[in-house]
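What follows is a short report on a single structure.
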Amino acid sequence: MSGSNVQEIKKEIRVYITVLISLAVLTCVTVSVSYLHLPIPQAIVLALLIAIIKGSLVACYFMHLISERRLVYLVLLVTVFFFFGLLLLPFFNFHDDLTGTIRVS
Amino acid sequence: MSEFIPYIVEEREETGLYNAKMGIWLFLASEVMLFGGLFSSYVMMRVGALHWPHGSSILNVPLATLNTLVLIVSSVTMVLAWASLRLNDFKKFRLNLGLTILCAFIFLIVKYFEYTAKFHHHLFPKTSTFLAIYFTMTGLHAIHVIGGIIVNAYNFGPGSKMWKTQPHRFINRIEVSGLYWHFVDLVWIFLFPVLYLL
Amino acid sequence: MSSEHSQGHDEHHQLSWWRTYVFATDHKMIGLQYGITALFFLLFGFCLMMLMRWQLAYPGQPLPVIGKWLGSANMPDGVMLPEFYNQLGAMHGTIMVFMGIVPLAVGAFGNYIVPLQIGAADMAFPRINMVSYWAFFVGGVVMLTSFFIPGGAASSGWTSYTPLADIATTGQTFWIIGMVCLITSSLLGAVNFITTIIQLRTKGMTFMRLPFFVWAQFVTAFLLLLAFPPLEAAAILQLMDRIAHTSFFLPSGLVVSGQPLEISGGGSVLLWQHLFWFLAHPEVYVLILPAMGVIAEILANNTRRPLSGYKSLVYSVLFIGFMSFIVWAHHMYLTGMGTTISAFFQATTMIISIPSVIILTVFFLSLWGGSIRFTIPMLFALAFLPMFGIGGLTGLPLGLNITDIPLHDTYYVIAHFHYIVAPGTIFALFAGIYFWFPKITGRRMNDVLGHIHFWPSLICMNLIFMPMFIQGLAGVSRRLYDGGAEYAHAQGTLHLNVLISWSAWILAIFQLPFIFNLIWSLFKGPKSNDNPWESTTLEWATPTPPPHGNFVKIPEVFRGPYEYSLPGAKTDFAPQCQQIVT
């Protein structure tokens, strides 16, 4: 990366500014959508979708993941897999529970 | 010590990475799992609750929106700082990194006002599970912001001497601190809708 | 020739005493710091257990002499209080796992051996390495301090299950803070290990030429890196519960000692178990994989033949690492888990036993046709195989829902996992100490003392843990203050408690030859050359003890790690750095 020439870096900077504007716009979108008070399931899907787009923009361009090495992808792929395991398996356990001990409130 | 260790500045051909970049991505992977544990807890708390308040009914959405924008701007200035260094423009680097630190402080100040407003209305972590997870997650995130400020302030001040002696290594350092800082931004991008908007 | 070179280095980098021995950045010194601290904690954790064994063998009887020293808050008139018993139990587990075995297996052996075996001059981040040790040290000190605060140390078991841990005495808060330090230490260490192994391998050291020990450390580091953070998250939540009085793990309507608890409620008790076991199951493999790595090195070296299936070992260990993240809830069958989710976890648990069996099979097959040298490290390594086998096979019934339910939380479980970590991992670590001592100090350990250490230890270990299977199958629960004396179904197996306790105390006596051997050999042991075991891996190609920077000249690697008894070769071993002449 550090070896790239001046022209390329200037181009990169333009990309960063574009990403900044898109992020700002998406933030406004997600906030205004929340004022519509959609039903909860739709609201969750929409909000997470926008968050994922924003997150991908940050990861791909600011963290320049889009042009990163294979090894980094590999590490992140493993991590994401376990992340979803950690998120989903307790959730499934919650819905498949004989005693209802989790469901106290 | 470091005189023995290769690939501090240049990349290892086989992996295409220098050591610190490998290290920071591994560290960020562990951070993903840390916040993963908290998000998992959030999901369990929420599906287990009979009643879960809409975030905006308790929390201040406009302030948080402002904070989101502040963090996004700080991310851009961070990446611009790195780009300026690669363009050999040390002054612009300083300016951008300074702005990053400033934004981080603004974020914390806004957060402070949010917190005190909650305390003022007698809303504490122990008040409800929602507030508990709100304070824990944003609190942990704030600690990460403080960590970022420390790292960036070091690179802004005493650490920047390295630019004269080992410029490439210094560029690497800024890239690595940037990766961390963007991650902090990334976490907030998910925290914001999850806590405030849903 | 080597001494001349290392002297040259010394002149250039004369470090102060503090930088050399205390805030050291050299991986070898950090490894030794880890090793000494961890051995101390192992001994300390063992002492806690020996105290508990008195109460179990002779419930309610005053402990002579020592009982008085422990103070009237813990042992009035030498009789152990139940609260103190619980503290000992919780801290025994915590200390042995997090402050004994992991720092010894990963911190000490990993730090010292990995850079040498891959032909690196140091770890990738020496200063982070130093911070990692000191975070561990601080965590250890916090844990030890907790014994001296009012209410004593943590007493909710090493698992710190909620809601019990949420309402426990202040010791639990110390436990959490100590754990956060230990977790930080492990995370920093893991980042360092993975980066070192990926980035700093010397020329020619391809992944498939890595010694198996390095592979084991590599996978272990990944487990630490990705499994520890969820426990850190859980620790933060429990800390919030205890300090900010939140209710993450406290359900509504909780009544403690007849008093309803004033909390907001709505928390999930099982959440803690999920987050805890998400770490603690991979942690089991953190305990065993480095041990397997040590065993592989020693077996290959002492059978004088290549390991039977190096590639099977590597793929197995990678598969174990991967699977270990999705089996954790087999610790939770008794929580009322539904059939679907429990079927999932039973299936993954059965699947993960396959690579473990492959590894053990490869080890056994490697003995076939070897010309075995019965050295002290080899004796420990050979003992490891059946002991780990027993531990592993007795785990299968615990992995299946139906058989787990009667066995859950009985002495059967204790026997099962102690067979893996005590005569398993700890024997492997002893083997490693005997094996690498000549490289680290330049002197050899005494063989006679080694035999005196090994044989009684092997016998005592079995006398301790084999009867526990019997007790467990009779249904005796673990963590009972009186060892089951109150229960009718335990009466038939109570006499075994005396046998177990005496075996434990005798085991302690036979550790003295080891401690003596360690110190005596350091000064008086016979001098060793650079490669006393005629081994092939790179750590034996350094000067002895390895100087700062390790190698006189960073070696290049030309061959696989275990090229013993090559047909037509002059010697029966071909070091990795030996050029292939065609």
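Here, A, B, ... name the chains of the structure tokens in the order displayed, residue numbers run from 1 inside each chain, and ligands are numbered from 1 in the same displayed order.
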
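Excluding range 358-361 of chain C and any residue on its chain fewer than 6 positions from it, the residues at most 8 Å away by only C-alpha atoms are Ser312, Leu313, Ser316, Val317, Leu385 and Gly389 of chain C.
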
At a cut-off of 12 Å, using only C-alpha atoms, what residues contact His37 in chain A? Leave out same-chain residues fewer than 6 positions from it and give the result as a short mmCIF file (atom, residue, chain, number, x, y, z; two decimals) with C-alpha atoms, in the first residue's frame.
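Output file result.cif follows:
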data_model
loop_
_atom_site.label_atom_id
_atom_site.label_comp_id
_atom_site.auth_asym_id
_atom_site.auth_seq_id
_atom_site.Cartn_x
_atom_site.Cartn_y
_atom_site.Cartn_z
CA THR A 30 -31.97 4.94 9.32
CA VAL A 31 -32.96 7.63 11.82
CA ALA A 43 -37.89 -2.33 11.62
CA ILE A 44 -35.22 -4.76 12.82
CA LEU A 46 -34.36 -2.61 7.83
CA ALA A 47 -32.17 -1.13 10.58
CA HIS B 54 -38.36 1.18 22.21
CA GLY B 55 -34.93 2.77 22.50
CA SER B 56 -36.12 6.20 21.38
CA SER B 57 -38.68 6.32 24.20
CA LEU B 197 -33.71 2.89 17.07
CA LEU B 198 -35.23 -0.53 17.78
#

request  = Find the spatial neighbours of Ala132 in chain B, counting only C-alpha atoms, within a cut-off of 9 Å - ignore same-chain residues fewer than 3 positions away - and output them as a ChimeraX atom specification.
outcome  = /B:124-129,135-137 /C:240-241,244,246-248

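Distances from B:Pro53, B:Pro62, B:Gly48, B:Gly23 to Leu225 in chain C were compared using only C-alpha atoms, and the smallest one belongs to B:Gly23.
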
inquiry  = Show me, as a PyMOL selection string, the residues of chain C whose atoms get within 8 Å of chain A, using only C-alpha atoms for the distance check.
reply    = chain C and resi 226+251-252+265-271+274+278+325-326+335-341

Would you export the selected residues with N, CA and C atoms as a PDB file, in the first residue's frame, please?
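Below you can see again.pdb, which holds the result:
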ATOM      1  N   LEU C 226     -10.151 -16.381  20.206  1.00  0.00           N
ATOM      2  CA  LEU C 226     -11.559 -16.215  19.863  1.00  0.00           C
ATOM      3  C   LEU C 226     -12.512 -16.700  20.943  1.00  0.00           C
ATOM      4  N   PRO C 251     -32.906 -13.660  37.513  1.00  0.00           N
ATOM      5  CA  PRO C 251     -34.306 -13.684  37.089  1.00  0.00           C
ATOM      6  C   PRO C 251     -35.180 -12.910  38.067  1.00  0.00           C
ATOM      7  N   SER C 252     -36.368 -12.542  37.617  1.00  0.00           N
ATOM      8  CA  SER C 252     -37.306 -11.846  38.507  1.00  0.00           C
ATOM      9  C   SER C 252     -37.756 -12.776  39.626  1.00  0.00           C
ATOM     10  N   GLY C 265     -34.649  -7.527  37.879  1.00  0.00           N
ATOM     11  CA  GLY C 265     -34.975  -8.849  37.356  1.00  0.00           C
ATOM     12  C   GLY C 265     -34.972  -8.888  35.844  1.00  0.00           C
ATOM     13  N   GLY C 266     -35.482  -9.975  35.297  1.00  0.00           N
ATOM     14  CA  GLY C 266     -35.553 -10.097  33.840  1.00  0.00           C
ATOM     15  C   GLY C 266     -34.284 -10.644  33.219  1.00  0.00           C
ATOM     16  N   GLY C 267     -33.323 -11.047  34.057  1.00  0.00           N
ATOM     17  CA  GLY C 267     -32.082 -11.581  33.509  1.00  0.00           C
ATOM     18  C   GLY C 267     -32.200 -13.056  33.195  1.00  0.00           C
ATOM     19  N   SER C 268     -31.160 -13.569  32.559  1.00  0.00           N
ATOM     20  CA  SER C 268     -31.173 -14.972  32.185  1.00  0.00           C
ATOM     21  C   SER C 268     -30.024 -15.700  32.863  1.00  0.00           C
ATOM     22  N   VAL C 269     -30.369 -16.693  33.680  1.00  0.00           N
ATOM     23  CA  VAL C 269     -29.353 -17.454  34.386  1.00  0.00           C
ATOM     24  C   VAL C 269     -28.494 -18.238  33.398  1.00  0.00           C
ATOM     25  N   LEU C 270     -29.143 -18.743  32.352  1.00  0.00           N
ATOM     26  CA  LEU C 270     -28.427 -19.596  31.414  1.00  0.00           C
ATOM     27  C   LEU C 270     -27.449 -18.821  30.545  1.00  0.00           C
ATOM     28  N   LEU C 271     -27.686 -17.512  30.433  1.00  0.00           N
ATOM     29  CA  LEU C 271     -26.779 -16.706  29.613  1.00  0.00           C
ATOM     30  C   LEU C 271     -25.345 -16.857  30.098  1.00  0.00           C
ATOM     31  N   HIS C 274     -23.916 -20.123  28.965  1.00  0.00           N
ATOM     32  CA  HIS C 274     -23.557 -20.124  27.545  1.00  0.00           C
ATOM     33  C   HIS C 274     -22.233 -19.405  27.332  1.00  0.00           C
ATOM     34  N   PHE C 278     -18.772 -21.184  26.370  1.00  0.00           N
ATOM     35  CA  PHE C 278     -18.226 -20.846  25.050  1.00  0.00           C
ATOM     36  C   PHE C 278     -16.716 -20.698  25.150  1.00  0.00           C
ATOM     37  N   PHE C 325     -15.436 -24.989  19.105  1.00  0.00           N
ATOM     38  CA  PHE C 325     -16.281 -23.817  19.338  1.00  0.00           C
ATOM     39  C   PHE C 325     -17.767 -24.136  19.290  1.00  0.00           C
ATOM     40  N   ILE C 326     -18.124 -25.305  18.794  1.00  0.00           N
ATOM     41  CA  ILE C 326     -19.554 -25.562  18.642  1.00  0.00           C
ATOM     42  C   ILE C 326     -19.985 -26.821  19.393  1.00  0.00           C
ATOM     43  N   THR C 335     -29.792 -28.455  32.057  1.00  0.00           N
ATOM     44  CA  THR C 335     -30.510 -27.203  32.274  1.00  0.00           C
ATOM     45  C   THR C 335     -31.909 -27.229  31.675  1.00  0.00           C
ATOM     46  N   GLY C 336     -32.316 -28.361  31.155  1.00  0.00           N
ATOM     47  CA  GLY C 336     -33.637 -28.429  30.553  1.00  0.00           C
ATOM     48  C   GLY C 336     -33.600 -28.121  29.077  1.00  0.00           C
ATOM     49  N   MET C 337     -32.465 -28.428  28.487  1.00  0.00           N
ATOM     50  CA  MET C 337     -32.292 -28.163  27.068  1.00  0.00           C
ATOM     51  C   MET C 337     -33.214 -29.054  26.243  1.00  0.00           C
ATOM     52  N   GLY C 338     -33.798 -28.470  25.191  1.00  0.00           N
ATOM     53  CA  GLY C 338     -34.712 -29.226  24.352  1.00  0.00           C
ATOM     54  C   GLY C 338     -34.016 -30.293  23.541  1.00  0.00           C
ATOM     55  N   THR C 339     -34.806 -31.174  22.936  1.00  0.00           N
ATOM     56  CA  THR C 339     -34.206 -32.328  22.259  1.00  0.00           C
ATOM     57  C   THR C 339     -33.470 -31.942  20.990  1.00  0.00           C
ATOM     58  N   THR C 340     -33.981 -30.970  20.257  1.00  0.00           N
ATOM     59  CA  THR C 340     -33.344 -30.627  18.987  1.00  0.00           C
ATOM     60  C   THR C 340     -31.948 -30.058  19.211  1.00  0.00           C
ATOM     61  N   ILE C 341     -31.886 -29.050  20.098  1.00  0.00           N
ATOM     62  CA  ILE C 341     -30.598 -28.397  20.318  1.00  0.00           C
ATOM     63  C   ILE C 341     -29.639 -29.371  20.987  1.00  0.00           C
TER      64      ILE C 341
END

message = What's around range 85-99 of chain B at 8 Å? Count only C-alpha atoms, leave out sequence neighbours fewer than 3 positions away in its own chain, and write the answer as a list of chain:residue names.
response = A:Ser2, A:Val6, A:Ile9, B:Ser74, B:Thr77, B:Met78, B:Leu80, B:Ala81, B:Trp82, B:Leu102, B:Cys103, B:Asn152, B:Phe156, B:Ile171

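If only C-alpha atoms are the atoms counted, then among A:Phe62, A:Arg70, A:Val33, A:Leu77 the closest residue to Leu17 in chain B is A:Arg70.
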
inquiry  = Residues of chain B were defined as contacting chain A if any atom lay at most 7 Å from it, counting only C-alpha atoms; please report them as a ChimeraX atom specification.
reply    = /B:15-16,25,29,33,36-37,40,44,48-50,69,72,76,79-80,83,86-87,179,182,186,189-190,193,197-198

Just the selected residues (C-alpha atoms), exported as a short mmCIF file (atom, residue, chain, number, x, y, z; two decimals), in the first residue's frame, please.
data_model
loop_
_atom_site.label_atom_id
_atom_site.label_comp_id
_atom_site.auth_asym_id
_atom_site.auth_seq_id
_atom_site.Cartn_x
_atom_site.Cartn_y
_atom_site.Cartn_z
CA THR B 15 1.65 -13.40 3.43
CA GLY B 16 1.82 -9.88 2.02
CA TRP B 25 -6.35 -7.95 12.58
CA ALA B 29 -10.96 -10.59 15.54
CA MET B 33 -15.91 -11.90 19.67
CA GLY B 36 -20.27 -10.67 19.88
CA GLY B 37 -20.68 -11.92 23.43
CA SER B 40 -25.55 -12.30 22.08
CA MET B 44 -31.06 -13.26 24.93
CA GLY B 48 -36.55 -13.28 27.10
CA ALA B 49 -38.26 -10.05 28.14
CA LEU B 50 -42.00 -9.68 28.38
CA LEU B 69 -21.86 11.64 12.47
CA ILE B 72 -17.89 8.88 11.00
CA VAL B 76 -12.51 9.87 7.61
CA VAL B 79 -7.84 7.64 7.01
CA LEU B 80 -6.92 11.05 5.53
CA ALA B 83 -3.11 9.16 3.20
CA ARG B 86 1.90 8.55 2.34
CA LEU B 87 1.84 11.77 0.31
CA LEU B 179 -7.66 0.04 11.65
CA HIS B 182 -12.32 2.36 12.28
CA LEU B 186 -17.86 0.13 13.14
CA ILE B 189 -22.58 1.85 13.65
CA PHE B 190 -24.19 -1.34 14.99
CA PRO B 193 -29.59 1.30 15.65
CA LEU B 197 -33.71 2.89 17.07
CA LEU B 198 -35.23 -0.53 17.78
#

What are the closest atom pairs, with distances in Å to one decimal, for all residues of chain C lying within 6 Å of chain B? Consider only C-alpha atoms, order rows by chain and residue number, and present the result as a Markdown table.
| residue | atom | partner | partner_atom | distance |
| --- | --- | --- | --- | --- |
| C:Ala121 | CA | B:Phe4 | CA | 5.8 |
| C:Val191 | CA | B:Gly23 | CA | 5.7 |
| C:Thr195 | CA | B:Gly23 | CA | 5.9 |
| C:Leu225 | CA | B:Ser30 | CA | 5.6 |
| C:Leu226 | CA | B:Ser30 | CA | 5.3 |
| C:Pro229 | CA | B:Leu34 | CA | 4.4 |
| C:Pro230 | CA | B:Gly37 | CA | 4.6 |
| C:Ala233 | CA | B:Gly37 | CA | 5.7 |
| C:His245 | CA | B:Lys126 | CA | 5.3 |
| C:Thr246 | CA | B:Lys126 | CA | 4.2 |
| C:Ser264 | CA | B:Ser128 | CA | 5.5 |

task = Give me every alpha helix (DSSP H) residue in chain B, going by DSSP on the backbone, as a VMD selection string.
result = chain B and resid 19 to 48 55 to 58 61 to 86 90 to 120 129 to 156 162 to 165 167 to 191

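Straight-line separation from CA of Lys68 in chain C to CA of Leu81 in chain C: 12.8 Å.
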
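Relative to CA of Leu449 in chain C, CA of Phe516 in chain C is found at 8.6 Å.
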